[in-house]
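Chemist: I have a structure I would like to understand better, so I am pasting it below and will then ask my questions one at a time.
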Amino acid sequence: DTAVSQTPKYLVTQMGNDKSIKCEQNLGHDTMYWYKQDSKKFLKIMFSYNNKELIINETVPNRFSPKSPDKAHLNLHINSLELGDSAVYFCASSQRSSYNSPLHFGNGTRLTVT
Amino acid sequence: DAKTTQPNSMESNEEEPVHLPCNHSTISGTDYIHWYRQLPSQGPEYVIHGLTSNVNNRMASLAIAEDRKSSTLILHRATLRDAAVYYCILRSWYSGGGADGLTFGKGTHLIIQP
(Lines give C-alpha, C1' and ligand atoms only; values in the text may rest on other atoms or scores of the structure.)
Protein backbone atom coordinates (compact mmCIF):
# COMPACT_ATOMS: atom_id res chain seq x y z
CA ASP A 1 0.00 0.00 0.00
CA THR A 2 1.31 3.40 -0.98
CA ALA A 3 1.94 5.56 2.09
CA VAL A 4 1.71 8.96 0.38
CA SER A 5 -0.16 9.05 -2.89
CA GLN A 6 -0.64 11.94 -5.29
CA THR A 7 -2.97 12.35 -8.23
CA PRO A 8 -2.61 12.95 -11.04
CA LYS A 9 0.91 11.79 -11.88
CA TYR A 10 1.03 14.03 -14.94
CA LEU A 11 -0.89 17.23 -15.58
CA VAL A 12 -0.69 19.22 -18.82
CA THR A 13 -2.69 22.40 -19.03
CA GLN A 14 -2.75 25.83 -20.59
CA MET A 15 -1.83 29.17 -19.10
CA GLY A 16 -4.61 30.82 -17.18
CA ASN A 17 -6.34 27.61 -16.19
CA ASP A 18 -7.07 26.53 -12.62
CA LYS A 19 -6.01 23.06 -11.52
CA SER A 20 -5.76 20.92 -8.40
CA ILE A 21 -3.40 18.22 -7.24
CA LYS A 22 -4.58 15.77 -4.59
CA CYS A 23 -2.54 14.15 -1.86
CA GLU A 24 -3.46 11.48 0.65
CA GLN A 25 -1.40 9.76 3.34
CA ASN A 26 -2.34 6.58 5.21
CA LEU A 27 0.41 6.79 7.84
CA GLY A 28 -1.62 8.56 10.50
CA HIS A 29 0.72 11.53 10.39
CA ASP A 30 -0.42 14.93 11.63
CA THR A 31 1.71 17.14 9.37
CA MET A 32 1.70 17.36 5.59
CA TYR A 33 3.81 19.36 3.16
CA TRP A 34 3.99 20.50 -0.44
CA TYR A 35 7.36 20.82 -2.18
CA LYS A 36 8.21 22.14 -5.65
CA GLN A 37 11.11 20.79 -7.72
CA ASP A 38 11.99 23.00 -10.65
CA SER A 39 13.82 22.18 -13.87
CA LYS A 40 17.17 22.60 -12.12
CA LYS A 41 16.11 19.93 -9.64
CA PHE A 42 16.03 22.24 -6.61
CA LEU A 43 13.52 21.06 -4.02
CA LYS A 44 11.82 23.92 -2.16
CA ILE A 45 9.18 23.72 0.52
CA MET A 46 5.94 25.55 -0.26
CA PHE A 47 3.58 24.74 2.58
CA SER A 48 3.34 22.81 5.79
CA TYR A 49 0.03 21.88 7.42
CA ASN A 50 -0.30 20.63 10.99
CA ASN A 51 -3.69 19.56 12.28
CA LYS A 52 -5.35 21.53 9.47
CA GLU A 53 -3.47 24.74 10.26
CA LEU A 54 -1.00 26.34 7.91
CA ILE A 55 2.32 26.73 9.68
CA ILE A 56 4.69 27.54 6.82
CA ASN A 57 4.19 29.55 3.68
CA GLU A 58 7.53 30.15 2.00
CA THR A 59 6.54 33.29 0.09
CA VAL A 60 4.53 31.29 -2.39
CA PRO A 61 2.23 33.36 -4.64
CA ASN A 62 -1.34 33.46 -3.40
CA ARG A 63 -2.42 31.74 -6.62
CA PHE A 64 -1.37 28.61 -4.76
CA SER A 65 -3.68 27.54 -1.98
CA PRO A 66 -3.41 24.38 0.09
CA LYS A 67 -6.65 22.88 1.30
CA SER A 68 -6.86 20.19 3.94
CA PRO A 69 -10.27 18.57 4.43
CA ASP A 70 -8.83 16.29 7.11
CA LYS A 71 -5.50 15.15 8.56
CA ALA A 72 -4.99 12.56 5.85
CA HIS A 73 -5.39 14.91 2.89
CA LEU A 74 -3.66 18.04 1.66
CA ASN A 75 -4.68 19.23 -1.78
CA LEU A 76 -2.98 21.96 -3.75
CA HIS A 77 -5.08 24.36 -5.80
CA ILE A 78 -3.42 26.58 -8.35
CA ASN A 79 -5.27 29.47 -9.99
CA SER A 80 -4.34 31.31 -13.18
CA LEU A 81 -1.50 28.97 -14.07
CA GLU A 82 1.68 30.50 -15.49
CA LEU A 83 4.50 29.00 -17.55
CA GLY A 84 6.81 29.28 -14.53
CA ASP A 85 4.59 26.97 -12.54
CA SER A 86 5.80 24.05 -14.64
CA ALA A 87 7.61 21.76 -12.20
CA VAL A 88 7.27 18.54 -10.27
CA TYR A 89 5.22 18.94 -7.10
CA PHE A 90 5.78 16.56 -4.19
CA CYS A 91 3.53 15.95 -1.25
CA ALA A 92 5.01 14.65 2.02
CA SER A 93 3.93 13.84 5.56
CA SER A 94 5.50 13.40 8.99
CA GLN A 95 4.55 13.15 12.65
CA ARG A 96 5.15 16.50 14.36
CA SER A 97 4.93 15.16 17.90
CA SER A 98 7.93 12.96 17.19
CA TYR A 99 10.83 15.25 16.39
CA ASN A 100 13.13 13.84 13.76
CA SER A 101 10.17 11.92 12.38
CA PRO A 102 11.25 11.28 8.78
CA LEU A 103 9.31 12.86 5.97
CA HIS A 104 7.57 10.42 3.65
CA PHE A 105 7.20 11.71 0.10
CA GLY A 106 4.84 10.85 -2.69
CA ASN A 107 6.17 10.20 -6.19
CA GLY A 108 5.30 13.60 -7.48
CA THR A 109 2.98 15.29 -9.98
CA ARG A 110 4.65 16.63 -13.09
CA LEU A 111 2.85 19.82 -14.06
CA THR A 112 3.40 21.24 -17.55
CA VAL A 113 1.90 24.59 -18.40
CA THR A 114 1.78 25.45 -22.11
CA ASP B 1 18.71 25.25 8.95
CA ALA B 2 22.50 25.34 8.84
CA LYS B 3 24.18 24.84 5.49
CA THR B 4 25.81 21.66 4.22
CA THR B 5 28.36 21.17 1.45
CA GLN B 6 28.48 18.05 -0.71
CA PRO B 7 30.31 17.12 -3.91
CA ASN B 8 28.16 17.59 -6.98
CA SER B 9 28.71 14.04 -8.18
CA MET B 10 30.51 10.81 -7.37
CA GLU B 11 31.04 7.62 -9.26
CA SER B 12 31.47 4.12 -7.93
CA ASN B 13 31.45 0.54 -9.11
CA GLU B 14 28.72 -1.91 -8.41
CA GLU B 15 29.19 -4.12 -5.33
CA GLU B 16 31.82 -1.81 -3.88
CA PRO B 17 31.42 0.42 -0.81
CA VAL B 18 30.56 4.06 -1.34
CA HIS B 19 31.48 6.90 1.01
CA LEU B 20 29.48 10.07 0.49
CA PRO B 21 30.95 13.06 2.36
CA CYS B 22 29.15 16.05 3.80
CA ASN B 23 30.63 19.13 5.46
CA HIS B 24 28.59 21.11 7.95
CA SER B 25 31.07 23.34 9.74
CA THR B 26 28.37 25.64 11.17
CA ILE B 27 26.36 22.85 12.78
CA SER B 28 24.81 23.74 16.12
CA GLY B 29 24.31 21.58 19.15
CA THR B 30 20.61 21.09 18.38
CA ASP B 31 21.14 19.95 14.79
CA TYR B 32 20.62 16.37 13.76
CA ILE B 33 22.25 15.16 10.54
CA HIS B 34 19.74 13.63 8.14
CA TRP B 35 20.29 11.90 4.82
CA TYR B 36 17.70 11.47 2.13
CA ARG B 37 18.01 10.21 -1.41
CA GLN B 38 15.99 10.72 -4.54
CA LEU B 39 15.91 7.99 -7.14
CA PRO B 40 15.06 8.96 -10.72
CA SER B 41 11.41 9.92 -11.17
CA GLN B 42 10.61 9.37 -7.50
CA GLY B 43 10.14 11.45 -4.39
CA PRO B 44 12.91 11.82 -1.81
CA GLU B 45 13.35 8.87 0.53
CA TYR B 46 14.64 8.89 4.09
CA VAL B 47 17.94 7.04 4.53
CA ILE B 48 19.33 7.65 8.02
CA HIS B 49 19.93 10.29 10.68
CA GLY B 50 22.18 10.80 13.69
CA LEU B 51 23.37 13.31 16.29
CA THR B 52 26.81 12.37 17.59
CA SER B 53 27.31 8.62 17.46
CA ASN B 54 27.68 6.54 14.34
CA VAL B 55 24.42 4.96 13.21
CA ASN B 56 23.59 1.85 11.23
CA ASN B 57 20.38 0.70 9.60
CA ARG B 58 19.39 -1.68 6.84
CA MET B 59 20.06 0.90 4.15
CA ALA B 60 23.33 2.52 5.19
CA SER B 61 25.70 3.63 7.92
CA LEU B 62 26.34 7.17 9.07
CA ALA B 63 29.76 8.09 10.40
CA ILE B 64 29.89 11.41 12.26
CA ALA B 65 33.15 13.21 12.98
CA GLU B 66 34.00 13.81 16.60
CA ASP B 67 33.63 17.59 16.19
CA ARG B 68 30.40 17.02 14.19
CA LYS B 69 31.59 19.33 11.43
CA SER B 70 31.42 16.59 8.86
CA SER B 71 29.77 13.25 8.27
CA THR B 72 29.92 10.39 5.79
CA LEU B 73 27.12 8.25 4.48
CA ILE B 74 28.35 4.74 3.79
CA LEU B 75 26.68 2.34 1.40
CA HIS B 76 28.39 -0.93 2.16
CA ARG B 77 27.80 -2.61 -1.17
CA ALA B 78 26.40 -0.38 -3.87
CA THR B 79 23.97 -1.72 -6.43
CA LEU B 80 22.65 -0.13 -9.58
CA ARG B 81 19.47 0.68 -7.65
CA ASP B 82 21.48 2.98 -5.37
CA ALA B 83 22.07 5.43 -8.22
CA ALA B 84 20.35 8.57 -6.96
CA VAL B 85 20.87 12.09 -5.65
CA TYR B 86 21.86 11.97 -1.97
CA TYR B 87 21.03 14.91 0.27
CA CYS B 88 22.71 15.72 3.56
CA ILE B 89 20.42 17.94 5.66
CA LEU B 90 20.73 19.50 9.11
CA ARG B 91 17.54 19.54 11.09
CA SER B 92 17.24 21.17 14.48
CA TRP B 93 15.28 19.19 17.04
CA TYR B 94 14.30 22.52 18.50
CA SER B 95 12.49 23.82 15.43
CA GLY B 96 8.81 23.31 16.01
CA GLY B 97 9.03 19.70 16.96
CA GLY B 98 9.91 18.67 13.46
CA ALA B 99 7.05 20.37 11.70
CA ASP B 100 9.29 22.74 9.80
CA GLY B 101 9.99 20.36 6.98
CA LEU B 102 13.42 19.99 5.42
CA THR B 103 15.66 22.37 3.51
CA PHE B 104 17.25 20.55 0.60
CA GLY B 105 20.56 21.57 -0.96
CA LYS B 106 21.94 20.40 -4.30
CA GLY B 107 22.97 16.98 -3.06
CA THR B 108 25.44 14.51 -4.57
CA HIS B 109 24.55 12.70 -7.76
CA LEU B 110 25.80 9.14 -7.24
CA ILE B 111 26.57 7.19 -10.40
CA ILE B 112 27.03 3.45 -10.14
CA GLN B 113 28.97 1.68 -12.88
CA PRO B 114 28.15 -1.97 -13.57
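The way I read the labels, and the way they are meant: chains A, B, ... in the order of the C-alpha coordinates, residue 1 as the first residue of every chain, and ligand 1 as the first ligand shown, with later ones counted on from there.
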Could you please tell me, as a PyMOL selection string, which residues of chain A have an atom within 12 Å of chain B when using only C-alpha atoms?
Modeler: chain A and resi 3-6+9-10+29-37+40-51+53-58+88-110
Chemist: Using only C-alpha atoms, which protein or nucleic acid residues come within 8 Å of Ser61 (chain B)? Drop anything in the same chain fewer than 3 positions from it, and give the result as a list in words.
Modeler: Ile48, Asn54, Val55, Asn56, Asn57, Leu73, Ile74, Leu75 and His76 of chain B
Chemist: Keeping only all heavy atoms, take the residues you just selected and write them out as a PDB file, in the first residue's frame.
Modeler:
```pdb
ATOM      1  N   ILE B  48      18.791   7.838   6.676  1.00  0.00           N
ATOM      2  CA  ILE B  48      19.328   7.651   8.019  1.00  0.00           C
ATOM      3  C   ILE B  48      19.488   9.011   8.680  1.00  0.00           C
ATOM      4  O   ILE B  48      19.506  10.036   7.993  1.00  0.00           O
ATOM      5  CB  ILE B  48      20.684   6.911   7.936  1.00  0.00           C
ATOM      6  CG1 ILE B  48      21.071   6.256   9.262  1.00  0.00           C
ATOM      7  CG2 ILE B  48      21.775   7.847   7.424  1.00  0.00           C
ATOM      8  CD1 ILE B  48      22.234   5.267   9.111  1.00  0.00           C
ATOM      9  N   ASN B  54      27.898   7.199  15.626  1.00  0.00           N
ATOM     10  CA  ASN B  54      27.677   6.539  14.338  1.00  0.00           C
ATOM     11  C   ASN B  54      26.390   5.717  14.404  1.00  0.00           C
ATOM     12  O   ASN B  54      26.013   5.199  15.458  1.00  0.00           O
ATOM     13  CB  ASN B  54      28.870   5.653  14.000  1.00  0.00           C
ATOM     14  CG  ASN B  54      30.130   6.469  13.775  1.00  0.00           C
ATOM     15  OD1 ASN B  54      30.066   7.689  13.601  1.00  0.00           O
ATOM     16  ND2 ASN B  54      31.268   5.808  13.792  1.00  0.00           N
ATOM     17  N   VAL B  55      25.717   5.622  13.272  1.00  0.00           N
ATOM     18  CA  VAL B  55      24.420   4.956  13.210  1.00  0.00           C
ATOM     19  C   VAL B  55      24.432   3.947  12.070  1.00  0.00           C
ATOM     20  O   VAL B  55      25.066   4.184  11.032  1.00  0.00           O
ATOM     21  CB  VAL B  55      23.294   5.982  12.975  1.00  0.00           C
ATOM     22  CG1 VAL B  55      21.929   5.309  13.024  1.00  0.00           C
ATOM     23  CG2 VAL B  55      23.359   7.111  13.995  1.00  0.00           C
ATOM     24  N   ASN B  56      23.744   2.857  12.283  1.00  0.00           N
ATOM     25  CA  ASN B  56      23.588   1.848  11.227  1.00  0.00           C
ATOM     26  C   ASN B  56      22.115   1.504  11.072  1.00  0.00           C
ATOM     27  O   ASN B  56      21.378   1.426  12.054  1.00  0.00           O
ATOM     28  CB  ASN B  56      24.347   0.564  11.585  1.00  0.00           C
ATOM     29  CG  ASN B  56      25.825   0.801  11.774  1.00  0.00           C
ATOM     30  OD1 ASN B  56      26.512   1.216  10.856  1.00  0.00           O
ATOM     31  ND2 ASN B  56      26.318   0.553  12.978  1.00  0.00           N
ATOM     32  N   ASN B  57      21.680   1.301   9.839  1.00  0.00           N
ATOM     33  CA  ASN B  57      20.377   0.699   9.602  1.00  0.00           C
ATOM     34  C   ASN B  57      20.476  -0.190   8.379  1.00  0.00           C
ATOM     35  O   ASN B  57      21.571  -0.393   7.846  1.00  0.00           O
ATOM     36  CB  ASN B  57      19.268   1.753   9.507  1.00  0.00           C
ATOM     37  CG  ASN B  57      19.388   2.660   8.286  1.00  0.00           C
ATOM     38  OD1 ASN B  57      20.071   2.334   7.305  1.00  0.00           O
ATOM     39  ND2 ASN B  57      18.731   3.798   8.349  1.00  0.00           N
ATOM     40  N   LEU B  73      28.101   9.310   4.693  1.00  0.00           N
ATOM     41  CA  LEU B  73      27.118   8.252   4.483  1.00  0.00           C
ATOM     42  C   LEU B  73      27.822   7.102   3.786  1.00  0.00           C
ATOM     43  O   LEU B  73      28.495   7.295   2.773  1.00  0.00           O
ATOM     44  CB  LEU B  73      25.961   8.748   3.624  1.00  0.00           C
ATOM     45  CG  LEU B  73      24.875   7.720   3.342  1.00  0.00           C
ATOM     46  CD1 LEU B  73      24.073   7.442   4.617  1.00  0.00           C
ATOM     47  CD2 LEU B  73      23.944   8.174   2.225  1.00  0.00           C
ATOM     48  N   ILE B  74      27.660   5.917   4.330  1.00  0.00           N
ATOM     49  CA  ILE B  74      28.351   4.744   3.787  1.00  0.00           C
ATOM     50  C   ILE B  74      27.330   3.742   3.276  1.00  0.00           C
ATOM     51  O   ILE B  74      26.470   3.274   4.035  1.00  0.00           O
ATOM     52  CB  ILE B  74      29.238   4.090   4.865  1.00  0.00           C
ATOM     53  CG1 ILE B  74      30.244   5.111   5.406  1.00  0.00           C
ATOM     54  CG2 ILE B  74      29.965   2.863   4.290  1.00  0.00           C
ATOM     55  CD1 ILE B  74      30.923   4.685   6.680  1.00  0.00           C
ATOM     56  N   LEU B  75      27.439   3.450   1.977  1.00  0.00           N
ATOM     57  CA  LEU B  75      26.676   2.344   1.398  1.00  0.00           C
ATOM     58  C   LEU B  75      27.655   1.192   1.302  1.00  0.00           C
ATOM     59  O   LEU B  75      28.663   1.274   0.592  1.00  0.00           O
ATOM     60  CB  LEU B  75      26.145   2.727   0.013  1.00  0.00           C
ATOM     61  CG  LEU B  75      25.340   4.023  -0.065  1.00  0.00           C
ATOM     62  CD1 LEU B  75      24.895   4.281  -1.506  1.00  0.00           C
ATOM     63  CD2 LEU B  75      24.130   3.963   0.853  1.00  0.00           C
ATOM     64  N   HIS B  76      27.373   0.122   1.996  1.00  0.00           N
ATOM     65  CA  HIS B  76      28.391  -0.926   2.159  1.00  0.00           C
ATOM     66  C   HIS B  76      28.660  -1.699   0.879  1.00  0.00           C
ATOM     67  O   HIS B  76      29.782  -2.143   0.645  1.00  0.00           O
ATOM     68  CB  HIS B  76      27.977  -1.850   3.291  1.00  0.00           C
ATOM     69  CG  HIS B  76      27.980  -1.148   4.617  1.00  0.00           C
ATOM     70  ND1 HIS B  76      29.149  -0.822   5.271  1.00  0.00           N
ATOM     71  CD2 HIS B  76      26.977  -0.679   5.383  1.00  0.00           C
ATOM     72  CE1 HIS B  76      28.870  -0.195   6.403  1.00  0.00           C
ATOM     73  NE2 HIS B  76      27.544  -0.091   6.493  1.00  0.00           N
TER      74      HIS B  76
END
```
Chemist: One decimal, Å: what's the distance from CA of Ala65 (chain B) over to CA of Ile27 (chain B), could you say?
Modeler: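 Separating CA of Ala65 (chain B) from CA of Ile27 (chain B) is a distance of 11.8 Å.
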Chemist: Record the distance separating CA of Thr114 (chain A) and CA of Asp18 (chain A), expressed in Å with one decimal.
Modeler: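 So the answer is 13.0 Å.
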Chemist: When you count only C-alpha atoms, which of these residues is closest to Cys22 (chain B): B:Thr52, B:Ala78, B:Met10, B:Thr5?
Modeler: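 Using only C-alpha atoms, the shortest distance to Cys22 (chain B) belongs to B:Thr5.
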Chemist: Name all residues at most 6 Å from region 66-82 of chain A (count only C-alpha atoms; drop same-chain ones fewer than 5 positions away) and give them as a list in words.
Modeler: Met15, Gly16, Asn17, Asp18, Lys19, Ser20, Ile21, Lys22, Cys23, Glu24, Gln25, Asp30 and Lys52 of chain A
Chemist: What residues in chain A get the DSSP label strand (DSSP E)? Please answer as a PyMOL selection string.
Modeler: chain A and resi 4-7+10-13+19-25+31-37+43-50+53-57+64-70+73-78+87-94+104-105+109-113
Chemist: Using only C-alpha atoms, find the one residue out of A:Leu27, A:Leu111, A:Val60, A:Leu11 that sits nearest to Leu83 (chain A).
Modeler: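 Of A:Leu27, A:Leu111, A:Val60, A:Leu11, the one nearest Leu83 (chain A), counting only C-alpha atoms, is A:Leu111.
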